[in-house]
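Text of data_2.pdb, listed as PDB, C-alpha atoms, pLDDT in the B column:
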ATOM      1  CA  MET A  12     112.706  87.245 102.153  1.00 62.00           C
ATOM      2  CA  ASP A  13     111.105  86.961  98.714  1.00 76.00           C
ATOM      3  CA  ARG A  14     107.841  86.100 100.472  1.00 82.00           C
ATOM      4  CA  ALA A  15     108.023  89.323 102.504  1.00 82.00           C
ATOM      5  CA  ILE A  16     108.563  91.368  99.340  1.00 85.00           C
ATOM      6  CA  ASP A  17     105.661  89.641  97.587  1.00 84.00           C
ATOM      7  CA  ASP A  18     103.388  90.197 100.586  1.00 86.00           C
ATOM      8  CA  ALA A  19     104.294  93.888 100.832  1.00 88.00           C
ATOM      9  CA  VAL A  20     103.784  94.448  97.107  1.00 90.00           C
ATOM     10  CA  ALA A  21     100.454  92.603  97.141  1.00 89.00           C
ATOM     11  CA  GLU A  22      99.263  94.600 100.146  1.00 90.00           C
ATOM     12  CA  PHE A  23     100.280  97.953  98.640  1.00 92.00           C
ATOM     13  CA  SER A  24      98.569  97.023  95.386  1.00 94.00           C
ATOM     14  CA  ALA A  25      95.382  96.093  97.258  1.00 93.00           C
ATOM     15  CA  LEU A  26      95.444  99.413  99.111  1.00 94.00           C
ATOM     16  CA  LEU A  27      95.784 101.353  95.863  1.00 96.00           C
ATOM     17  CA  LEU A  28      92.922  99.345  94.374  1.00 96.00           C
ATOM     18  CA  ALA A  29      90.772 100.178  97.419  1.00 96.00           C
ATOM     19  CA  ALA A  30      91.527 103.874  96.877  1.00 97.00           C
ATOM     20  CA  SER A  31      90.663 103.445  93.215  1.00 97.00           C
ATOM     21  CA  LEU A  32      87.314 101.842  94.056  1.00 97.00           C
ATOM     22  CA  ALA A  33      86.495 104.666  96.469  1.00 97.00           C
ATOM     23  CA  LEU A  34      87.300 107.330  93.880  1.00 97.00           C
ATOM     24  CA  ILE A  35      85.431 105.606  91.064  1.00 97.00           C
ATOM     25  CA  GLY A  36      82.474 104.917  93.347  1.00 96.00           C
ATOM     26  CA  ALA A  37      82.281 108.573  94.374  1.00 96.00           C
ATOM     27  CA  SER A  38      82.450 109.670  90.751  1.00 96.00           C
ATOM     28  CA  LEU A  39      79.651 107.276  89.779  1.00 96.00           C
ATOM     29  CA  LEU A  40      77.521 108.910  92.470  1.00 96.00           C
ATOM     30  CA  GLY A  41      78.066 112.189  90.628  1.00 94.00           C
ATOM     31  CA  LEU A  42      80.582 113.597  93.098  1.00 95.00           C
ATOM     32  CA  GLY A  43      83.545 115.609  91.911  1.00 93.00           C
ATOM     33  CA  GLY A  44      86.677 116.735  93.682  1.00 92.00           C
ATOM     34  CA  SER A  45      85.437 118.882  96.568  1.00 94.00           C
ATOM     35  CA  LEU A  46      86.355 119.662 100.142  1.00 95.00           C
ATOM     36  CA  VAL A  47      83.283 117.757 101.289  1.00 96.00           C
ATOM     37  CA  LEU A  48      84.373 114.572  99.511  1.00 96.00           C
ATOM     38  CA  MET A  49      87.895 115.024 100.830  1.00 96.00           C
ATOM     39  CA  ALA A  50      86.500 115.377 104.371  1.00 97.00           C
ATOM     40  CA  VAL A  51      84.384 112.240 103.933  1.00 97.00           C
ATOM     41  CA  PHE A  52      87.417 110.228 102.816  1.00 97.00           C
ATOM     42  CA  ALA A  53      89.448 111.680 105.707  1.00 97.00           C
ATOM     43  CA  ILE A  54      86.743 110.672 108.220  1.00 97.00           C
ATOM     44  CA  ILE A  55      86.669 107.181 106.711  1.00 96.00           C
ATOM     45  CA  ALA A  56      90.477 107.007 107.008  1.00 97.00           C
ATOM     46  CA  VAL A  57      90.346 108.013 110.681  1.00 97.00           C
ATOM     47  CA  GLY A  58      87.562 105.504 111.337  1.00 96.00           C
ATOM     48  CA  LEU A  59      89.520 102.720 109.676  1.00 94.00           C
ATOM     49  CA  PHE A  60      92.656 103.710 111.583  1.00 95.00           C
ATOM     50  CA  VAL A  61      90.844 103.618 114.924  1.00 95.00           C
ATOM     51  CA  THR A  62      89.251 100.224 114.200  1.00 93.00           C
ATOM     52  CA  ARG A  63      92.264  98.644 112.489  1.00 90.00           C
ATOM     53  CA  ALA A  64      92.893  96.077 115.232  1.00 89.00           C
ATOM     54  CA  ALA A  65      89.277  94.917 115.179  1.00 89.00           C
ATOM     55  CA  LEU A  66      89.341  94.688 111.381  1.00 86.00           C
ATOM     56  CA  GLY A  67      92.479  92.554 111.524  1.00 82.00           C
ATOM     57  CA  ASP A  68      90.900  90.249 114.097  1.00 86.00           C
ATOM     58  CA  LEU A  69      87.995  89.499 111.749  1.00 84.00           C
ATOM     59  CA  PHE A  70      90.227  87.391 109.506  1.00 84.00           C
ATOM     60  CA  ALA A  71      93.117  86.604 111.850  1.00 80.00           C
ATOM     61  CA  GLU A  72      93.608  83.142 110.330  1.00 84.00           C
ATOM     62  CA  TYR A  73      94.333  84.705 106.924  1.00 84.00           C
ATOM     63  CA  TYR A  74      97.573  86.587 107.562  1.00 81.00           C
ATOM     64  CA  LEU A  75      97.769  88.751 104.432  1.00 80.00           C
ATOM     65  CA  LEU A  76      94.062  89.613 104.445  1.00 86.00           C
ATOM     66  CA  ALA A  77      94.201  90.553 108.128  1.00 87.00           C
ATOM     67  CA  ARG A  78      97.274  92.713 107.525  1.00 87.00           C
ATOM     68  CA  THR A  79      95.617  94.400 104.541  1.00 88.00           C
ATOM     69  CA  LEU A  80      92.457  95.119 106.531  1.00 90.00           C
ATOM     70  CA  GLU A  81      94.557  96.597 109.328  1.00 91.00           C
ATOM     71  CA  ASP A  82      96.202  98.931 106.819  1.00 91.00           C
ATOM     72  CA  LEU A  83      93.063  99.726 104.813  1.00 92.00           C
ATOM     73  CA  TRP A  84      93.123 103.232 106.240  1.00 95.00           C
ATOM     74  CA  ILE A  85      96.126 103.933 103.981  1.00 95.00           C
ATOM     75  CA  GLY A  86      93.896 103.396 100.938  1.00 95.00           C
ATOM     76  CA  ALA A  87      91.439 105.953 102.321  1.00 96.00           C
ATOM     77  CA  VAL A  88      94.321 108.376 102.872  1.00 97.00           C
ATOM     78  CA  ALA A  89      95.416 107.825  99.262  1.00 96.00           C
ATOM     79  CA  ALA A  90      91.879 108.654  98.103  1.00 97.00           C
ATOM     80  CA  THR A  91      91.882 111.753 100.329  1.00 97.00           C
ATOM     81  CA  VAL A  92      95.197 112.962  98.920  1.00 97.00           C
ATOM     82  CA  THR A  93      94.006 112.315  95.369  1.00 96.00           C
ATOM     83  CA  VAL A  94      90.900 114.438  95.948  1.00 97.00           C
ATOM     84  CA  LEU A  95      93.052 117.133  97.585  1.00 96.00           C
ATOM     85  CA  LEU A  96      95.282 117.248  94.517  1.00 96.00           C
ATOM     86  CA  ALA A  97      92.233 117.345  92.226  1.00 94.00           C
ATOM     87  CA  LEU A  98      89.995 119.869  93.974  1.00 94.00           C
ATOM     88  CA  GLY A  99      87.440 121.131  91.499  1.00 93.00           C
ATOM     89  CA  ALA A 100      87.613 118.026  89.326  1.00 94.00           C
ATOM     90  CA  THR A 101      84.437 116.911  87.610  1.00 95.00           C
ATOM     91  CA  PRO A 102      83.024 113.434  88.327  1.00 95.00           C
ATOM     92  CA  GLY A 103      84.474 112.205  85.024  1.00 95.00           C
ATOM     93  CA  GLU A 104      87.908 113.531  85.909  1.00 96.00           C
ATOM     94  CA  LEU A 105      87.685 111.953  89.362  1.00 96.00           C
ATOM     95  CA  GLN A 106      86.759 108.645  87.738  1.00 96.00           C
ATOM     96  CA  THR A 107      89.798 108.932  85.491  1.00 96.00           C
ATOM     97  CA  LEU A 108      92.035 109.644  88.476  1.00 96.00           C
ATOM     98  CA  GLY A 109      90.570 106.619  90.249  1.00 97.00           C
ATOM     99  CA  GLY A 110      91.387 104.538  87.196  1.00 97.00           C
ATOM    100  CA  LEU A 111      94.953 105.842  87.202  1.00 97.00           C
ATOM    101  CA  VAL A 112      95.361 105.016  90.897  1.00 97.00           C
ATOM    102  CA  GLY A 113      94.096 101.487  90.173  1.00 96.00           C
ATOM    103  CA  LEU A 114      96.429 101.228  87.203  1.00 97.00           C
ATOM    104  CA  ALA A 115      99.343 102.199  89.445  1.00 96.00           C
ATOM    105  CA  GLY A 116      98.304  99.447  91.866  1.00 95.00           C
ATOM    106  CA  MET A 117      98.176  96.835  89.111  1.00 96.00           C
ATOM    107  CA  LEU A 118     101.465  98.009  87.633  1.00 96.00           C
ATOM    108  CA  ASN A 119     103.036  97.692  91.069  1.00 93.00           C
ATOM    109  CA  TYR A 120     101.708  94.130  91.298  1.00 92.00           C
ATOM    110  CA  LEU A 121     102.947  93.204  87.842  1.00 94.00           C
ATOM    111  CA  LEU A 122     106.433  94.476  88.678  1.00 93.00           C
ATOM    112  CA  ARG A 123     106.906  91.899  91.460  1.00 90.00           C
ATOM    113  CA  PRO A 124     109.443  89.865  89.445  1.00 89.00           C
ATOM    114  CA  VAL A 125     111.490  93.012  88.857  1.00 92.00           C
ATOM    115  CA  TYR A 126     111.426  93.813  92.586  1.00 91.00           C
ATOM    116  CA  ARG A 127     112.583  90.277  93.390  1.00 89.00           C
ATOM    117  CA  LEU A 128     115.364  90.512  90.823  1.00 91.00           C
ATOM    118  CA  LEU A 129     116.565  93.835  92.208  1.00 91.00           C
ATOM    119  CA  TYR A 130     116.441  92.478  95.754  1.00 89.00           C
ATOM    120  CA  ARG A 131     118.466  89.397  94.828  1.00 90.00           C
ATOM    121  CA  LEU A 132     120.968  91.510  92.922  1.00 92.00           C
ATOM    122  CA  ALA A 133     121.394  93.883  95.868  1.00 90.00           C
ATOM    123  CA  ARG A 134     121.765  90.931  98.238  1.00 89.00           C
ATOM    124  CA  ARG A 135     124.451  89.347  96.040  1.00 90.00           C
ATOM    125  CA  LEU A 136     126.324  92.628  95.716  1.00 90.00           C
ATOM    126  CA  SER A 137     126.233  93.169  99.487  1.00 88.00           C
ATOM    127  CA  ASP A 138     127.386  89.584 100.127  1.00 85.00           C
ATOM    128  CA  ALA A 139     130.242  89.966  97.647  1.00 79.00           C
ATOM    129  CA  SER A 140     131.650  93.031  99.386  1.00 72.00           C
TER     130      SER A 140
END

Would you give me this structure, written as structure tokens?
Amino acid sequence: MDRAIDDAVAEFSALLLAASLALIGASLLGLGGSLVLMAVFAIIAVGLFVTRAALGDLFAEYYLLARTLEDLWIGAVAATVTVLLALGATPGELQTLGGLVGLAGMLNYLLRPVYRLLYRLARRLSDAS
């Protein structure tokens, strides 16, 4: 079960990093938080959702990569929600928000040992009762 927790944490971290790259990339193009940018990210999310099976088939032999590609639309949704929450943000502010989303992804990844510890503790407590 530890492997399943590690895989889920790694995938969620990768999705947050994808959202971070999208936000930072948009800000480097001089785009700020606008309805147009939010619509673009939403269209990308829908496109990724519709093609998720085909994306997963590209790297079917690599289980975690295939699963991450299938769920890549979640990263686009995270970028969409971030822009929604920061409507009117300047490109610099959007870049900062992208950095914070990426930081959250890395923090999530670095907390894997804590997640494993909490899982083992919960499993022991449930076995004891």

Taking the point (90.2, 117.1, 92.7) as given in the file, collect each protein or nucleic acid residue that comes within 12 Å of it, counting all atoms listed in the file, and present the set as a PDB file with C-alpha atoms, in the frame of the given file.
ATOM      1  CA  LEU A  34      87.300 107.330  93.880  1.00 97.00           C
ATOM      2  CA  ALA A  37      82.281 108.573  94.374  1.00 96.00           C
ATOM      3  CA  SER A  38      82.450 109.670  90.751  1.00 96.00           C
ATOM      4  CA  LEU A  42      80.582 113.597  93.098  1.00 95.00           C
ATOM      5  CA  GLY A  43      83.545 115.609  91.911  1.00 93.00           C
ATOM      6  CA  GLY A  44      86.677 116.735  93.682  1.00 92.00           C
ATOM      7  CA  SER A  45      85.437 118.882  96.568  1.00 94.00           C
ATOM      8  CA  LEU A  46      86.355 119.662 100.142  1.00 95.00           C
ATOM      9  CA  VAL A  47      83.283 117.757 101.289  1.00 96.00           C
ATOM     10  CA  LEU A  48      84.373 114.572  99.511  1.00 96.00           C
ATOM     11  CA  MET A  49      87.895 115.024 100.830  1.00 96.00           C
ATOM     12  CA  ALA A  90      91.879 108.654  98.103  1.00 97.00           C
ATOM     13  CA  THR A  91      91.882 111.753 100.329  1.00 97.00           C
ATOM     14  CA  VAL A  92      95.197 112.962  98.920  1.00 97.00           C
ATOM     15  CA  THR A  93      94.006 112.315  95.369  1.00 96.00           C
ATOM     16  CA  VAL A  94      90.900 114.438  95.948  1.00 97.00           C
ATOM     17  CA  LEU A  95      93.052 117.133  97.585  1.00 96.00           C
ATOM     18  CA  LEU A  96      95.282 117.248  94.517  1.00 96.00           C
ATOM     19  CA  ALA A  97      92.233 117.345  92.226  1.00 94.00           C
ATOM     20  CA  LEU A  98      89.995 119.869  93.974  1.00 94.00           C
ATOM     21  CA  GLY A  99      87.440 121.131  91.499  1.00 93.00           C
ATOM     22  CA  ALA A 100      87.613 118.026  89.326  1.00 94.00           C
ATOM     23  CA  THR A 101      84.437 116.911  87.610  1.00 95.00           C
ATOM     24  CA  PRO A 102      83.024 113.434  88.327  1.00 95.00           C
ATOM     25  CA  GLY A 103      84.474 112.205  85.024  1.00 95.00           C
ATOM     26  CA  GLU A 104      87.908 113.531  85.909  1.00 96.00           C
ATOM     27  CA  LEU A 105      87.685 111.953  89.362  1.00 96.00           C
ATOM     28  CA  GLN A 106      86.759 108.645  87.738  1.00 96.00           C
ATOM     29  CA  THR A 107      89.798 108.932  85.491  1.00 96.00           C
ATOM     30  CA  LEU A 108      92.035 109.644  88.476  1.00 96.00           C
ATOM     31  CA  GLY A 109      90.570 106.619  90.249  1.00 97.00           C
TER      32      GLY A 109
END

Ser31 of chain A: which residues within 7 Å, counting only C-alpha atoms, same-chain residues fewer than 6 positions away excluded, as a list in words?
Gly109, Gly110, Val112 and Gly113 of chain A

Separation of atom CA of Leu28 of chain A and atom CA of Arg131 of chain A, in Å?
27.4 Å

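Take atom CA of Val125 of chain A and atom CA of Tyr73 of chain A: the distance between them is 26.3 Å.
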
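Counting all atoms listed in the file and comparing A:Leu128, A:Val88, A:Ala29, A:Leu75, the residue that lies closest to Ala15 of chain A is A:Leu75.
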